[in-house]
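S.K.: Structure supplied as coords32.cif; contents: mmCIF, C-alpha atoms and all ligand atoms.
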```cif
data_final
#
loop_
_atom_site.label_atom_id
_atom_site.label_comp_id
_atom_site.auth_asym_id
_atom_site.auth_seq_id
_atom_site.Cartn_x
_atom_site.Cartn_y
_atom_site.Cartn_z
CA MET D 216 7.40 99.78 29.77
CA ALA D 217 7.57 96.24 28.35
CA LYS D 218 10.68 94.92 26.63
CA ILE D 219 10.77 96.03 22.98
CA THR D 220 11.37 93.35 20.36
CA THR D 221 11.27 93.19 16.58
CA ALA D 222 7.63 92.04 16.97
CA THR D 223 6.83 95.28 18.85
CA LEU D 224 8.22 97.38 15.99
CA GLN D 225 6.34 95.32 13.40
CA LYS D 226 3.10 95.84 15.34
CA MET D 227 3.79 99.59 15.57
CA LYS D 228 4.05 99.77 11.77
CA GLN D 229 0.78 97.85 11.39
CA GLN D 230 -0.96 100.22 13.81
CA GLY D 231 0.53 103.34 12.21
CA GLU D 232 2.51 104.27 15.37
CA LYS D 233 5.81 106.04 14.69
CA ILE D 234 9.04 104.42 15.90
CA SER D 235 11.78 106.58 17.51
CA THR D 236 15.35 105.39 17.55
CA ILE D 237 18.71 106.99 18.32
CA THR D 238 22.37 106.00 18.49
CA ALA D 239 24.22 105.50 21.79
CA TYR D 240 27.65 104.16 22.56
CA ASP D 241 27.86 103.91 26.35
CA ALA D 242 25.86 102.80 29.40
CA SER D 243 25.00 106.24 30.81
CA PHE D 244 23.39 107.70 27.68
CA ALA D 245 21.79 104.35 26.85
CA LYS D 246 20.15 104.28 30.31
CA LEU D 247 18.78 107.82 29.91
CA PHE D 248 17.42 107.07 26.44
CA ASP D 249 15.89 103.79 27.66
CA GLN D 250 14.22 105.62 30.55
CA ALA D 251 12.94 108.31 28.17
CA GLY D 252 11.12 105.55 26.27
CA ILE D 253 13.13 105.29 23.05
CA HIS D 254 12.09 102.24 21.02
CA ALA D 255 15.52 101.16 19.78
CA ILE D 256 19.15 102.13 20.32
CA LEU D 257 21.70 101.68 17.54
CA ILE D 258 25.35 101.30 18.40
CA GLY D 259 26.26 102.90 15.09
CA ASP D 260 29.65 102.69 13.43
CA SER D 261 29.15 106.48 13.38
CA LEU D 262 31.14 106.10 16.61
CA GLY D 263 34.19 106.29 14.35
CA MET D 264 33.26 109.90 13.58
CA VAL D 265 31.55 111.16 16.76
CA LEU D 266 33.69 109.32 19.36
CA GLN D 267 36.99 108.68 17.60
CA GLY D 268 37.09 111.85 15.48
CA GLN D 269 37.70 109.97 12.22
CA ASP D 270 36.67 111.43 8.84
CA ASP D 271 34.37 108.49 8.09
CA THR D 272 33.27 105.11 9.50
CA LEU D 273 35.81 102.96 7.65
CA PRO D 274 38.43 102.67 10.45
CA VAL D 275 35.89 101.12 12.86
CA ASP D 276 36.43 97.41 13.50
CA ILE D 277 34.41 94.60 15.07
CA GLU D 278 36.22 94.86 18.43
CA HIS D 279 35.22 98.54 18.74
CA MET D 280 31.62 97.59 17.96
CA ALA D 281 31.59 94.70 20.44
CA TYR D 282 33.08 96.87 23.20
CA HIS D 283 30.50 99.66 22.78
CA THR D 284 27.68 97.12 22.45
CA GLN D 285 28.69 95.67 25.84
CA CYS D 286 28.70 99.19 27.34
CA VAL D 287 25.23 100.03 25.97
CA LYS D 288 23.79 96.66 27.04
CA ARG D 289 24.69 97.40 30.68
CA GLY D 290 22.54 100.57 30.61
CA VAL D 291 19.47 99.18 28.87
CA GLU D 292 16.40 97.55 30.37
CA ASN D 293 13.67 97.61 27.70
CA THR D 294 14.94 99.16 24.50
CA LEU D 295 15.83 97.02 21.47
CA ILE D 296 19.60 97.02 20.91
CA ILE D 297 20.87 97.07 17.33
CA SER D 298 24.57 96.93 16.57
CA ASP D 299 26.30 97.94 13.34
CA MET D 300 28.45 95.47 11.43
CA PRO D 301 31.50 97.62 10.52
CA PHE D 302 33.21 98.04 7.15
CA MET D 303 34.28 94.71 5.55
CA SER D 304 33.11 92.64 8.54
CA TYR D 305 30.47 91.00 6.29
CA ALA D 306 32.33 90.89 2.99
CA THR D 307 31.76 87.12 2.89
CA LYS D 308 28.96 85.06 4.43
CA GLU D 309 31.41 83.31 6.76
CA GLN D 310 32.81 86.64 8.01
CA ALA D 311 29.25 87.85 8.56
CA PHE D 312 28.38 84.80 10.68
CA THR D 313 31.52 85.09 12.86
CA ASN D 314 31.27 88.85 13.35
CA ALA D 315 27.49 89.00 13.87
CA ALA D 316 27.89 86.32 16.56
CA LYS D 317 30.40 88.58 18.37
CA LEU D 318 27.88 91.45 18.43
CA MET D 319 24.99 89.23 19.57
CA GLN D 320 27.18 87.79 22.34
CA ALA D 321 28.15 91.34 23.34
CA GLY D 322 24.47 92.17 23.92
CA ALA D 323 22.88 93.12 20.59
CA SER D 324 19.41 91.81 19.70
CA MET D 325 19.81 92.65 16.00
CA VAL D 326 22.67 93.55 13.65
CA LYS D 327 22.67 96.18 10.89
CA LEU D 328 24.36 95.75 7.50
CA GLU D 329 24.70 98.32 4.71
CA GLY D 330 23.85 97.33 1.14
CA GLY D 331 21.32 96.03 -1.36
CA LEU D 332 20.60 92.91 -3.33
CA TRP D 333 24.13 91.51 -2.99
CA LEU D 334 23.44 91.01 0.74
CA ALA D 335 20.29 88.89 0.31
CA ASP D 336 22.10 85.57 0.63
CA THR D 337 24.04 86.73 3.72
CA ILE D 338 20.87 88.03 5.38
CA GLU D 339 19.09 84.74 4.70
CA GLY D 340 21.98 82.85 6.32
CA LEU D 341 22.08 85.11 9.38
CA VAL D 342 18.33 84.87 9.96
CA GLU D 343 18.42 81.07 9.53
CA ARG D 344 21.05 81.00 12.27
CA GLY D 345 18.94 83.11 14.67
CA ILE D 346 20.36 86.57 14.05
CA PRO D 347 17.79 89.30 13.28
CA VAL D 348 18.89 91.76 10.61
CA CYS D 349 18.31 95.45 10.01
CA ALA D 350 19.21 96.42 6.44
CA HIS D 351 20.39 99.91 5.36
CA LEU D 352 19.89 101.58 1.96
CA GLY D 353 20.42 105.05 0.49
CA LEU D 354 23.50 106.92 1.65
CA THR D 355 25.32 103.94 3.15
CA PRO D 356 28.35 105.65 4.76
CA GLN D 357 30.69 102.66 4.36
CA SER D 358 30.45 103.30 0.58
CA VAL D 359 31.33 107.01 0.87
CA ASN D 360 34.34 106.56 -1.39
CA VAL D 361 32.22 104.99 -4.12
CA PHE D 362 29.66 107.82 -3.83
CA GLY D 363 32.42 110.47 -3.92
CA GLY D 364 31.23 112.04 -0.68
CA PHE D 365 28.26 112.04 1.71
CA LYS D 366 25.62 112.72 -0.95
CA VAL D 367 21.85 112.27 -1.18
CA GLN D 368 21.07 109.03 -3.06
CA GLY D 369 18.18 107.97 -5.31
CA ARG D 370 17.41 111.30 -6.96
CA GLU D 371 17.39 109.88 -10.50
CA GLN D 372 14.25 107.89 -11.33
CA ALA D 373 16.13 104.74 -12.38
CA LYS D 374 18.15 104.71 -9.14
CA ALA D 375 14.99 105.34 -7.09
CA LEU D 376 13.14 102.43 -8.71
CA GLU D 377 16.21 100.23 -8.23
CA MET D 378 16.23 101.11 -4.51
CA VAL D 379 12.58 100.05 -4.18
CA GLU D 380 13.48 96.68 -5.74
CA HIS D 381 16.44 96.29 -3.38
CA ALA D 382 14.19 97.02 -0.40
CA LYS D 383 11.75 94.31 -1.52
CA ALA D 384 14.61 91.81 -1.99
CA LEU D 385 16.01 92.56 1.50
CA GLU D 386 12.59 92.03 3.05
CA LYS D 387 12.21 88.76 1.12
CA ALA D 388 15.64 87.64 2.39
CA GLY D 389 14.41 88.04 5.97
CA ALA D 390 15.45 91.55 7.08
CA GLN D 391 13.08 92.75 9.82
CA LEU D 392 13.92 96.45 9.74
CA LEU D 393 15.26 98.83 7.07
CA VAL D 394 17.17 102.08 7.63
CA LEU D 395 16.83 104.61 4.79
CA GLU D 396 19.45 107.36 4.86
CA CYS D 397 19.52 110.62 2.90
CA ILE D 398 17.06 109.97 0.09
CA PRO D 399 14.26 112.17 -1.32
CA ALA D 400 11.17 112.21 0.94
CA GLU D 401 9.01 110.91 -1.89
CA LEU D 402 11.25 107.85 -2.27
CA GLY D 403 11.15 107.26 1.50
CA LYS D 404 7.35 107.15 1.28
CA MET D 405 7.41 104.86 -1.76
CA ILE D 406 9.68 102.32 -0.01
CA ALA D 407 7.71 102.46 3.26
CA GLU D 408 4.57 101.60 1.31
CA ALA D 409 6.22 98.92 -0.85
CA ILE D 410 7.37 96.68 2.02
CA THR D 411 5.73 95.32 5.17
CA ILE D 412 8.74 95.60 7.53
CA PRO D 413 9.26 98.93 9.38
CA THR D 414 11.39 101.57 7.64
CA ILE D 415 13.46 103.92 9.81
CA GLY D 416 14.51 107.14 8.14
CA ILE D 417 17.37 109.57 8.65
CA GLY D 418 17.00 112.31 6.08
CA ALA D 419 14.33 110.20 4.31
CA GLY D 420 11.26 112.35 4.96
CA LYS D 421 8.35 112.06 7.36
CA ASP D 422 6.56 109.07 5.81
CA THR D 423 8.95 106.34 6.90
CA ASP D 424 7.63 104.25 9.80
CA GLY D 425 10.15 105.74 12.21
CA GLN D 426 13.16 108.00 12.56
CA ILE D 427 16.74 107.62 13.74
CA LEU D 428 19.24 110.31 14.72
CA VAL D 429 22.87 110.25 15.77
CA MET D 430 22.71 111.25 19.45
CA HIS D 431 25.40 113.93 19.02
CA ASP D 432 23.23 115.65 16.38
CA ALA D 433 20.01 115.37 18.45
CA LEU D 434 21.83 116.95 21.41
CA GLY D 435 23.78 119.52 19.40
CA ILE D 436 27.20 118.21 20.45
CA SER D 437 28.54 117.18 17.04
CA CYS D 438 32.13 118.18 16.62
CA SER D 439 31.68 118.93 12.93
CA TYR D 440 28.38 120.37 11.65
CA MET D 441 24.62 119.90 12.06
CA PRO D 442 23.23 117.90 9.14
CA LYS D 443 20.18 119.37 7.37
CA PHE D 444 18.03 116.38 8.42
CA SER D 445 18.73 116.75 12.13
CA ARG D 446 17.41 118.95 14.94
CA ASN D 447 18.91 119.97 18.27
CA PHE D 448 16.31 118.86 20.84
CA LEU D 449 18.47 119.87 23.83
CA ILE D 450 18.23 123.56 22.95
CA ASP D 451 14.44 123.47 23.55
CA THR D 452 14.64 121.56 26.82
CA GLY D 453 18.00 122.08 28.55
CA ASP D 454 17.87 118.52 29.87
CA ILE D 455 19.04 115.37 28.06
CA LYS D 456 16.20 113.06 29.14
CA LYS D 457 13.59 115.73 28.33
CA ALA D 458 15.27 116.32 24.96
CA ILE D 459 14.86 112.66 24.05
CA GLU D 460 11.26 112.65 25.34
CA LEU D 461 10.61 115.67 23.10
CA TYR D 462 12.21 113.89 20.13
CA ILE D 463 9.99 110.82 20.70
CA SER D 464 6.89 112.97 21.03
CA GLU D 465 7.69 115.09 17.94
CA VAL D 466 8.26 111.93 15.87
CA SER D 467 5.07 110.33 17.17
CA LYS D 468 2.99 113.45 16.35
CA GLY D 469 4.53 113.73 12.88
CA ASN D 470 6.16 117.10 13.72
CA PHE D 471 9.69 115.80 13.15
CA PRO D 472 11.12 115.80 10.56
CA GLY D 473 9.73 119.13 9.36
CA GLU D 474 9.86 120.51 5.80
CA GLU D 475 13.25 122.08 6.55
CA HIS D 476 14.77 118.65 7.33
CA ILE D 477 13.78 116.79 4.18
CA PHE D 478 15.42 116.26 0.78
CA LYS D 479 13.50 116.64 -2.48
O1 LIG D 501 26.22 104.51 12.15
C1 LIG D 501 25.15 105.08 12.36
O2 LIG D 501 24.98 105.83 13.33
C2 LIG D 501 24.06 104.85 11.42
C3 LIG D 501 22.88 105.74 11.51
C4 LIG D 501 23.21 107.06 10.93
C5 LIG D 501 21.68 105.16 10.85
O3 LIG D 501 24.15 103.98 10.61
#
```
Translate the structure described by the file into structure tokens.
M.R.:
Amino acid sequence: MAKITTATLQKMKQQGEKISTITAYDASFAKLFDQAGIHAILIGDSLGMVLQGQDDTLPVDIEHMAYHTQCVKRGVENTLIISDMPFMSYATKEQAFTNAAKLMQAGASMVKLEGGLWLADTIEGLVERGIPVCAHLGLTPQSVNVFGGFKVQGREQAKALEMVEHAKALEKAGAQLLVLECIPAELGKMIAEAITIPTIGIGAGKDTDGQILVMHDALGISCSYMPKFSRNFLIDTGDIKKAIELYISEVSKGNFPGEEHIFK
């Protein structure tokens, strides 16, 4: 398999091929996922919850992210590596530049930031300085305290239309990928059609250009509960590499997510 870049993902969207991505936090899982043919690996700040056992992602800092990015990088040959900018590490443009540089130097090929319009200027600055950006809208977990819990976003028409406008602004600012988390399937479709960059959904329906899952959910090893939008692929296969191959194939055929995994 050839090395996957942001250009590969863009071409996949243009050709209507579905993109499969998953989180990983260490070299061993990253190597298995890379060998299974996953298109991108996210070192998510979800590591605060699934590795550290925290209640949310807020305690994760840039040193945690850089350490796990280095670990993943050592296991990966072809997959695109995306690393999360943790809570408050991009509160100002200057902080974003310093912290994104740490993740790129640790082995990331792209960084992910949570938020809408207010980030446009920061994204423009990062891209100008050679740092590709994945944006993230919908249920952005770093804002859990503002939302009052991990709740589906964009159900009201005004909020949905606002999210479409934010997606367009993030694309215009230079973002090359957009994660959409926990939004109604119809809104996921609307955003995927409104912008030209690939959209990667998690609980955003089947019409986004790709899907992402937290590896612990996809393998049924979450210490808390199985989210509605996820599926345990290990149960059907009994083998981690085969489970990820099944996930990729189910996404590519449009079988995952199914009706039972989507929000209305
Ligand atoms: O931190 C993470 O794992 C994420 C995914 C859920 C998209 O942001």
S.K.: Contacts of range 441-446 of chain D at 8 Å or less, counting all atoms listed in the file, minus same-chain residues fewer than 5 places along, as an mmCIF file with C-alpha atoms, in the coordinates of the input?
M.R.:
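File written: out_30.cif
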```cif
data_model
loop_
_atom_site.group_PDB
_atom_site.id
_atom_site.type_symbol
_atom_site.label_atom_id
_atom_site.label_comp_id
_atom_site.auth_asym_id
_atom_site.auth_seq_id
_atom_site.Cartn_x
_atom_site.Cartn_y
_atom_site.Cartn_z
ATOM 1 C CA ILE D 417 17.370 109.570 8.650
ATOM 2 C CA GLY D 418 17.000 112.310 6.080
ATOM 3 C CA LEU D 428 19.240 110.310 14.720
ATOM 4 C CA ASP D 432 23.230 115.650 16.380
ATOM 5 C CA ALA D 433 20.010 115.370 18.450
ATOM 6 C CA GLY D 435 23.780 119.520 19.400
ATOM 7 C CA PRO D 472 11.120 115.800 10.560
ATOM 8 C CA GLU D 475 13.250 122.080 6.550
ATOM 9 C CA HIS D 476 14.770 118.650 7.330
ATOM 10 C CA ILE D 477 13.780 116.790 4.180
#
```
S.K.: Which one of D:Thr313, D:Asn470, D:Thr272, D:Gln229 sits closest to ligand LIG 501 (chain D) if you count all atoms listed in the file?
M.R.: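 Among D:Thr313, D:Asn470, D:Thr272, D:Gln229, it is D:Thr272 that comes nearest to ligand LIG 501 (chain D).
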S.K.: Quick one: pull the distance between CA of Asn314 in chain D and CA of Val367 in chain D, Å, one decimal.
M.R.: 29.1 Å
S.K.: One decimal, in Å: what's the spacing between CA of Ala251 in chain D and CA of Glu460 in chain D?
M.R.: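 If I compute the distance from CA of Ala251 in chain D to CA of Glu460 in chain D, I get 5.4 Å.
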S.K.: 7 Å from ligand LIG 501 (chain D) is the threshold here; counting all atoms listed in the file, which polymer residues fall inside it? Answer as a PyMOL selection string.
M.R.: chain D and resi 238+257-262+299+394+396+417+427-429
S.K.: For a quick check of understanding, using only C-alpha atoms, which of D:Val379, D:Val291, D:Ile234, D:Cys397 has the smallest distance to Glu465 in chain D?
M.R.: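 The answer is D:Ile234, which sits nearest to Glu465 in chain D.
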